[in-house]
Every structure is written in C-alpha cells, then in structure tokens.
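K.L.:
The file below is protein-v8.txt, compact mmCIF, C-alpha atoms:
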# COMPACT_ATOMS: atom_id res chain seq x y z
CA MET A 82 44.61 -26.08 19.42
CA LYS A 83 43.78 -23.52 16.75
CA GLN A 84 40.14 -22.46 16.74
CA GLY A 85 38.06 -22.19 13.60
CA THR A 86 38.56 -23.71 10.18
CA THR A 87 41.84 -25.34 9.20
CA ILE A 88 42.71 -27.25 6.05
CA LEU A 89 44.78 -30.33 6.86
CA THR A 90 47.18 -31.75 4.28
CA LEU A 91 47.26 -35.53 4.53
CA ASN A 92 50.36 -37.59 3.92
CA ASN A 93 48.79 -38.71 0.64
CA GLY A 94 48.67 -35.09 -0.55
CA TYR A 95 44.91 -34.63 -0.32
CA HIS A 96 43.35 -31.93 1.86
CA LEU A 97 40.63 -32.19 4.50
CA TRP A 98 38.41 -29.40 5.82
CA THR A 99 38.42 -29.30 9.64
CA ARG A 100 36.88 -27.02 12.23
CA THR A 101 37.55 -26.74 15.96
CA VAL A 102 35.21 -24.86 18.30
CA GLY A 103 34.85 -24.49 22.05
CA GLN A 104 37.33 -24.17 24.89
CA GLY A 105 38.25 -26.68 27.55
CA ASP A 106 40.37 -29.62 28.56
CA ILE A 107 37.90 -32.23 27.29
CA LYS A 108 38.44 -33.06 23.61
CA LEU A 109 35.80 -34.49 21.27
CA LEU A 110 36.37 -35.54 17.65
CA CYS A 111 33.29 -36.00 15.47
CA LEU A 112 32.88 -38.39 12.51
CA HIS A 113 30.02 -37.76 10.10
CA GLY A 114 27.92 -40.36 8.36
CA GLY A 115 27.22 -41.33 4.80
CA PRO A 116 29.83 -42.18 3.85
CA GLY A 117 29.98 -39.05 1.77
CA GLY A 118 28.01 -36.85 4.18
CA THR A 119 29.35 -33.73 5.86
CA HIS A 120 30.19 -32.37 9.29
CA GLU A 121 27.14 -30.12 9.49
CA TYR A 122 25.08 -31.81 12.19
CA TRP A 123 28.05 -31.40 14.56
CA GLU A 124 28.13 -27.61 14.15
CA ASN A 125 26.24 -26.83 17.37
CA PHE A 126 28.09 -29.33 19.58
CA GLY A 127 30.56 -26.71 20.80
CA ASP A 128 27.70 -24.54 22.07
CA GLU A 129 25.73 -27.46 23.50
CA LEU A 130 28.74 -28.82 25.42
CA ALA A 131 30.27 -25.48 26.43
CA ASP A 132 29.20 -25.80 30.07
CA LEU A 133 31.30 -28.97 30.35
CA GLY A 134 34.41 -27.35 28.89
CA VAL A 135 34.53 -29.45 25.73
CA GLN A 136 36.60 -28.54 22.70
CA VAL A 137 34.92 -30.02 19.61
CA SER A 138 36.71 -30.89 16.37
CA MET A 139 34.99 -32.03 13.21
CA TYR A 140 36.05 -32.68 9.64
CA ASP A 141 34.78 -33.72 6.25
CA GLN A 142 36.18 -37.07 5.23
CA LEU A 143 38.01 -37.47 1.93
CA GLY A 144 35.57 -37.17 -0.96
CA SER A 145 33.03 -35.20 1.05
CA PHE A 146 31.72 -31.78 0.09
CA TYR A 147 34.17 -29.47 1.88
CA SER A 148 37.29 -31.63 1.47
CA ASP A 149 39.24 -32.82 -1.56
CA GLN A 150 37.33 -35.08 -3.92
CA PRO A 151 39.56 -37.60 -5.69
CA ASP A 152 38.74 -38.81 -9.17
CA TYR A 153 37.07 -42.04 -8.13
CA SER A 154 36.39 -42.87 -11.78
CA ASN A 155 40.05 -43.89 -11.83
CA PRO A 156 40.00 -47.57 -10.75
CA GLU A 157 43.34 -47.29 -8.96
CA ILE A 158 42.19 -44.31 -6.92
CA ALA A 159 38.87 -45.95 -6.10
CA ALA A 160 40.57 -49.18 -5.03
CA LYS A 161 42.97 -47.29 -2.77
CA TYR A 162 40.64 -44.83 -1.07
CA LEU A 163 37.15 -46.34 -1.11
CA THR A 164 37.87 -48.90 1.59
CA TYR A 165 37.08 -49.37 5.27
CA ASP A 166 40.78 -49.38 6.10
CA TYR A 167 41.46 -46.10 4.34
CA PHE A 168 38.78 -44.23 6.30
CA LEU A 169 39.88 -45.86 9.57
CA GLU A 170 43.48 -44.80 9.08
CA GLU A 171 42.30 -41.34 8.02
CA VAL A 172 40.75 -40.94 11.50
CA GLU A 173 44.08 -41.80 13.10
CA GLU A 174 45.99 -39.38 10.86
CA VAL A 175 43.53 -36.58 11.63
CA ARG A 176 43.91 -37.33 15.35
CA GLN A 177 47.66 -37.02 15.05
CA LYS A 178 47.58 -33.84 12.99
CA LEU A 179 45.09 -32.20 15.37
CA GLY A 180 47.21 -33.24 18.36
CA LEU A 181 44.46 -35.19 20.10
CA ASP A 182 45.02 -37.84 22.76
CA ASN A 183 42.97 -39.11 25.68
CA PHE A 184 39.93 -37.81 23.82
CA TYR A 185 36.32 -38.75 23.07
CA LEU A 186 35.37 -40.01 19.63
CA ILE A 187 31.78 -39.74 18.41
CA GLY A 188 30.40 -41.01 15.13
CA GLN A 189 26.92 -41.11 13.63
CA SER A 190 25.80 -43.89 11.24
CA TRP A 191 28.84 -44.59 9.01
CA GLY A 192 30.82 -42.52 11.50
CA GLY A 193 29.64 -44.90 14.22
CA LEU A 194 31.06 -47.77 12.19
CA LEU A 195 34.41 -45.98 12.14
CA VAL A 196 34.19 -45.44 15.92
CA GLN A 197 33.78 -49.19 16.41
CA MET A 198 36.82 -49.93 14.25
CA TYR A 199 38.91 -47.15 15.79
CA ALA A 200 38.08 -48.05 19.39
CA ALA A 201 38.99 -51.68 18.74
CA LYS A 202 42.34 -50.85 17.07
CA TYR A 203 43.40 -47.52 18.61
CA GLY A 204 41.56 -47.54 21.92
CA GLN A 205 44.70 -46.52 23.81
CA HIS A 206 44.13 -42.96 22.57
CA LEU A 207 40.51 -42.77 23.72
CA LYS A 208 38.89 -41.68 26.96
CA GLY A 209 35.47 -42.67 25.69
CA ALA A 210 33.58 -43.71 22.54
CA ILE A 211 30.12 -42.67 21.39
CA ILE A 212 28.45 -44.82 18.73
CA SER A 213 25.38 -42.99 17.47
CA SER A 214 22.85 -44.85 15.30
CA MET A 215 25.08 -47.61 13.97
CA VAL A 216 24.87 -51.36 14.35
CA ASP A 217 27.60 -53.98 14.29
CA GLU A 218 25.78 -56.44 12.01
CA ILE A 219 24.38 -55.14 8.73
CA ASP A 220 22.08 -58.11 8.12
CA GLU A 221 20.03 -57.10 11.15
CA TYR A 222 19.78 -53.57 9.77
CA VAL A 223 18.53 -54.87 6.43
CA THR A 224 15.84 -56.93 8.13
CA ASN A 225 14.77 -53.89 10.13
CA VAL A 226 14.61 -51.41 7.23
CA ASN A 227 12.59 -53.90 5.20
CA GLN A 228 10.11 -54.04 8.07
CA CYS A 229 10.14 -50.23 8.27
CA ARG A 230 9.27 -50.05 4.58
CA LEU A 231 6.43 -52.49 5.00
CA ASN A 232 5.03 -50.79 8.09
CA THR A 233 5.04 -47.35 6.46
CA LEU A 234 4.21 -48.02 2.81
CA GLY A 235 2.34 -51.31 2.77
CA ALA A 236 2.93 -54.43 0.71
CA ASP A 237 1.96 -53.02 -2.70
CA LYS A 238 4.32 -50.07 -2.61
CA VAL A 239 7.15 -52.19 -1.23
CA ALA A 240 6.60 -54.66 -4.08
CA TYR A 241 6.88 -51.74 -6.49
CA MET A 242 10.14 -50.61 -4.87
CA GLU A 243 11.57 -54.12 -5.05
CA LYS A 244 10.63 -54.36 -8.74
CA ILE A 245 12.38 -51.05 -9.49
CA GLU A 246 15.44 -52.18 -7.53
CA GLN A 247 15.62 -55.43 -9.47
CA GLU A 248 15.41 -53.46 -12.72
CA ASN A 249 18.05 -51.01 -11.45
CA ARG A 250 15.85 -48.01 -12.25
CA LEU A 251 16.33 -46.23 -8.95
CA ASP A 252 15.85 -42.79 -10.51
CA ASP A 253 12.19 -43.67 -11.08
CA PRO A 254 10.17 -40.68 -9.73
CA THR A 255 7.60 -42.83 -7.95
CA TYR A 256 10.34 -44.90 -6.33
CA GLN A 257 12.11 -41.75 -5.15
CA SER A 258 8.84 -40.36 -3.76
CA TYR A 259 8.56 -43.46 -1.59
CA VAL A 260 12.16 -42.97 -0.42
CA ASP A 261 11.25 -39.40 0.54
CA ILE A 262 8.37 -40.69 2.67
CA LEU A 263 10.67 -43.17 4.41
CA ASN A 264 13.36 -40.56 5.01
CA ALA A 265 10.84 -38.23 6.65
CA GLU A 266 9.62 -41.06 8.87
CA TYR A 267 12.90 -42.69 9.94
CA VAL A 268 15.92 -40.54 9.02
CA ASP A 269 15.24 -36.78 9.19
CA ARG A 270 12.02 -36.58 11.17
CA LYS A 271 12.42 -32.89 12.01
CA GLN A 272 13.78 -31.93 8.55
CA PRO A 273 15.47 -28.71 9.71
CA GLU A 274 16.04 -25.89 7.25
CA ALA A 275 19.45 -25.14 8.76
CA ILE A 276 21.27 -28.02 7.09
CA ARG A 277 19.58 -27.79 3.71
CA HIS A 278 21.39 -26.52 0.62
CA LEU A 279 20.48 -25.32 -2.82
CA VAL A 280 22.50 -28.22 -4.22
CA SER A 281 23.10 -31.66 -2.79
CA THR A 282 26.17 -31.93 -0.59
CA MET A 283 26.15 -35.73 -0.57
CA ALA A 284 29.22 -37.27 -2.20
CA THR A 285 27.25 -39.87 -4.12
CA ASP A 286 30.36 -41.44 -5.66
CA VAL A 287 31.42 -42.40 -2.11
CA TYR A 288 27.94 -43.14 -0.75
CA ASN A 289 26.95 -45.35 -3.68
CA VAL A 290 30.05 -47.54 -3.37
CA PHE A 291 29.37 -48.34 0.28
CA GLN A 292 25.60 -47.97 0.71
CA GLY A 293 23.80 -47.77 -2.62
CA ASP A 294 21.10 -45.38 -3.83
CA ASN A 295 19.38 -44.71 -0.49
CA GLU A 296 19.16 -45.71 3.17
CA PHE A 297 16.64 -48.45 2.51
CA VAL A 298 18.57 -50.67 0.10
CA ILE A 299 22.18 -51.79 0.48
CA THR A 300 23.99 -52.75 -2.70
CA GLY A 301 27.54 -51.66 -1.80
CA LYS A 302 30.40 -52.69 0.45
CA LEU A 303 28.33 -52.27 3.62
CA LYS A 304 26.71 -55.58 2.73
CA ASP A 305 29.83 -57.12 4.27
CA TRP A 306 29.80 -55.18 7.56
CA HIS A 307 30.02 -57.79 10.35
CA PHE A 308 31.86 -56.61 13.47
CA ARG A 309 30.27 -58.43 16.39
CA GLN A 310 33.25 -60.71 16.95
CA HIS A 311 35.39 -57.61 17.60
CA LEU A 312 33.12 -55.73 20.00
CA HIS A 313 34.89 -57.20 23.02
CA GLU A 314 38.03 -55.37 21.85
CA ILE A 315 36.35 -52.03 22.64
CA THR A 316 37.44 -51.60 26.25
CA VAL A 317 36.88 -47.86 26.84
CA PRO A 318 33.63 -46.50 28.30
CA THR A 319 31.14 -46.52 25.44
CA LEU A 320 27.84 -44.75 24.88
CA LEU A 321 25.41 -46.28 22.40
CA THR A 322 22.77 -43.75 21.41
CA PHE A 323 19.86 -44.56 19.10
CA GLY A 324 16.62 -42.91 18.07
CA GLU A 325 13.51 -44.81 19.12
CA HIS A 326 12.01 -44.42 15.65
CA GLU A 327 14.85 -44.97 13.22
CA THR A 328 16.35 -47.32 10.64
CA MET A 329 18.77 -49.00 13.03
CA PRO A 330 17.23 -51.82 15.11
CA LEU A 331 17.17 -51.27 18.85
CA ALA A 332 17.34 -55.04 19.35
CA THR A 333 20.82 -54.96 17.83
CA ALA A 334 21.78 -52.00 20.00
CA LYS A 335 20.90 -54.08 23.07
CA ILE A 336 23.14 -56.90 21.85
CA MET A 337 25.98 -54.42 21.34
CA GLN A 338 25.49 -53.16 24.89
CA GLN A 339 26.03 -56.70 26.15
CA GLU A 340 29.01 -57.45 23.90
CA ILE A 341 31.00 -54.24 24.54
CA PRO A 342 32.59 -54.62 28.00
CA HIS A 343 31.70 -51.13 29.30
CA ALA A 344 28.69 -49.88 27.38
CA ARG A 345 25.62 -47.81 28.17
CA LEU A 346 22.61 -47.66 25.85
CA GLU A 347 20.42 -44.56 25.65
CA THR A 348 17.46 -44.06 23.33
CA THR A 349 15.90 -40.80 22.21
CA PRO A 350 12.09 -40.60 22.07
CA ASN A 351 10.67 -39.47 18.72
CA GLY A 352 14.20 -39.55 17.33
CA GLY A 353 15.02 -40.90 13.91
CA HIS A 354 18.41 -41.69 12.46
CA HIS A 355 19.48 -38.07 13.08
CA HIS A 356 18.13 -37.94 16.60
CA MET A 357 20.66 -35.30 17.65
CA ILE A 358 18.47 -32.96 15.59
CA ASP A 359 15.05 -34.60 15.98
CA ASN A 360 15.12 -34.39 19.79
CA ALA A 361 18.21 -32.42 20.69
CA PRO A 362 17.45 -31.79 24.41
CA VAL A 363 17.24 -35.51 25.21
CA TYR A 364 20.18 -36.42 22.96
CA PHE A 365 22.48 -33.87 24.60
CA ALA A 366 21.30 -34.76 28.10
CA HIS A 367 22.42 -38.35 27.46
CA LEU A 368 25.71 -37.25 25.93
CA LYS A 369 26.53 -34.82 28.73
CA LYS A 370 25.71 -37.36 31.42
CA PHE A 371 28.06 -39.84 29.77
CA ILE A 372 30.92 -37.35 29.57
CA ARG A 373 30.38 -36.17 33.15
CA ASP A 374 30.36 -39.74 34.44
CA VAL A 375 33.55 -40.69 32.60
CA GLU A 376 35.30 -37.50 33.70
CA ALA A 377 34.28 -38.11 37.32
CA GLY A 378 35.32 -41.77 37.20
CA THR A 379 31.77 -42.82 38.05
CA PHE A 380 30.76 -44.30 34.70
CA ASN A 381 28.77 -47.47 34.92
CA GLU A 382 26.65 -49.28 32.44
What do you get writing this file as structure tokens?

P.N.:
Amino acid sequence: MKQGTTILTLNNGYHLWTRTVGQGDIKLLCLHGGPGGTHEYWENFGDELADLGVQVSMYDQLGSFYSDQPDYSNPEIAAKYLTYDYFLEEVEEVRQKLGLDNFYLIGQSWGGLLVQMYAAKYGQHLKGAIISSMVDEIDEYVTNVNQCRLNTLGADKVAYMEKIEQENRLDDPTYQSYVDILNAEYVDRKQPEAIRHLVSTMATDVYNVFQGDNEFVITGKLKDWHFRQHLHEITVPTLLTFGEHETMPLATAKIMQQEIPHARLETTPNGGHHHMIDNAPVYFAHLKKFIRDVEAGTFNE
C-alpha cells in the first residue's frame, strides 16, 4: 500500500484525505470521532505500533477539515450525507479503495459507534475491532454526563447551564466557560499543544447535526443511538477501551463486554475521553496486548 498522504475519490465524486504510515503485515484502519473531528490523534499510532509490524491507515471523514466539505445548507445534500448509513458505507468504500481485508478497525467516540455498526454488518473483513470510548446506548451516556456536570460544577452552575440550553443561547460566554471546565476534566485532560490549531478544525455543521453544541448536551441525531440489540452480531475479537475518568460510563462498557461474544474491557487510569493522549503508555500497552493475542490465536476475554 502506498505510504504517506493520498486523496481518495469516492464514487459520489467527493474526495477524502487519507494517510498510511508504518510497515508490516498487520493492517489497522482508524476512525476519528466527532463526528466532524479529524484524524490527528491517530498520527503517532504508526510509531507506537512499529514493533508489532502494523501498517496504520487513517482518514478524515466527509465534511471534516482535511477532506471535502459538502454544502450541508442544501437540504438534499444534508439528507443524503448526514446519516449513520452514509458514514458506515463510507468506511466500507475506504476499505475497498485502500485494499484492506482481514484487518483491525479502531474508532474513538463517534468512530467507535461506526466500529460497532461496521463489525456487525461487515465483520467478515475484520480480524479484530477496537471500540474506544463509545457506548451502545446513548441514554446511559446522557445520565452519566449529567452526573459529571453535577459532580464538577455543582447544582447552581448546572441549573444555569440548563437554563441557557432551554433558551438556546449556547454561545453565552459563562455557559461556554463551564463547558471548558468540563472538557478539561473529562475529555482532554492532558490538553496537548500538538493537536491545537490557530483556527478550529471541528466541522461544526456535521457535529451539530449529530451531537449538538458540546459533549455535555445531545440535541442531534445521536439521541436515537440504541445498538445493544445488535451487539451479539459482533463476532470478531473486540477490545473495549475506556478512560477511567471520562464522559462515557464504565457501567455501560461492562454491559457491552457481556453482550459482545468475544470482548475484553480495558480501562486507562487518569484517562479522559481522549485517553490515548491522556495516558498513552497504558493505552498502547492494552492495544498492543490485544493485537498480539489475536495474532497469536490466544485472545481470550
């Protein structure tokens, strides 16, 4: 497979930014979160997994910063491309165009949602699945983030946030300052300089449709994310990896471990939602152990 950056032309005519790094017979495809985020927290995976002989491919999904950005203000375009099914089938098309088979698929947050869907529908192409910081039932996430808000901010500030949300004034500076506090506590605990930009790289027109204004309130299509009845369809070895101090409830992760036939759950101490950055040594130790076990045929839950 070609190393470095390649622009893929999709069958729909749009273009996706992709990058492949590392050498080896083991193939890993990475799905970023958001939706509307970017590939950037996968950039060091080639180096981190080099001793295992892993070739790592990543891409920015349609609408994200480095790929084509459709005019979602057009209702027909939005209806066609801002759907779960579109992004699922995009993964399969990228797999085909990159020539991947018998590979590992990893996804963080929204990307972990896509891994669940892909493994259930297209599992015949997978050697293993890694679901990082994503639950199968959004209602349990909502309950958890509400508790996170209360624990961190207290009742008065949460009441203020709820008032602003009801008034749909989410650009309120005080409200956003509370979101910043929550992000630093549960999402980007390490807050590395390496993935910061002078301008925002978040595709808000994608993110807002699915999530809403921020990680702590869901007003978009993710309100309808309920996948538990399909978890038994994921039959490949699966790694569930969560931060111990993040937005996604560990209680739900434990249920997922039971419902997916061949699943292992690992948690990362002092890790938030982006625990691959917050506590990289532990995160990569878990990931490498999973890959080694699957490759050796010794994987067990």

K.L.:
Can you work out the spacing between atom CA of Asn289 of chain A and atom CA of Gly301 of chain A in Å, to one decimal?

P.N.:
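Calculated distance between atom CA of Asn289 of chain A and atom CA of Gly301 of chain A is 6.6 Å.
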
K.L.:
Return the single residue from A:Cys111, A:Asp237, A:Asp217, A:Asp152 that is closest to Gln310 of chain A, with distances computed using only C-alpha atoms.

P.N.:
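Ranking A:Cys111, A:Asp237, A:Asp217, A:Asp152 by distance to Gln310 of chain A, first place goes to A:Asp217.
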
K.L.:
Show which residues sit within 10 Å of Val239 of chain A, as a ChimeraX atom specification. Count all atoms listed in the file, and ignore same-chain residues fewer than 4 positions away.

P.N.:
/A:227-228,230-235,243-245,256,259

K.L.:
Which residues are close to segment 165-169 of chain A, i.e. within 10 Å by all atoms listed in the file, leaving aside same-chain residues fewer than 2 positions away? Reply as a ChimeraX atom specification.

P.N.:
/A:116,142-143,160-163,171-174,192,194-199,202-203,291,302-303,306

K.L.:
Could you jot down the atom CA of Thr322 of chain A to atom CA of Ala284 of chain A separation for me, Å, one decimal place?

P.N.:
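Those two atoms sit 25.3 Å apart.
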
K.L.:
For Gly144 of chain A, list every protein, DNA or RNA residue within 8 Å, evaluated using all atoms listed in the file, and leave out those in the same chain fewer than 4 positions away; present the list as a PyMOL selection string.

P.N.:
chain A and resi 117+148-151+284+287
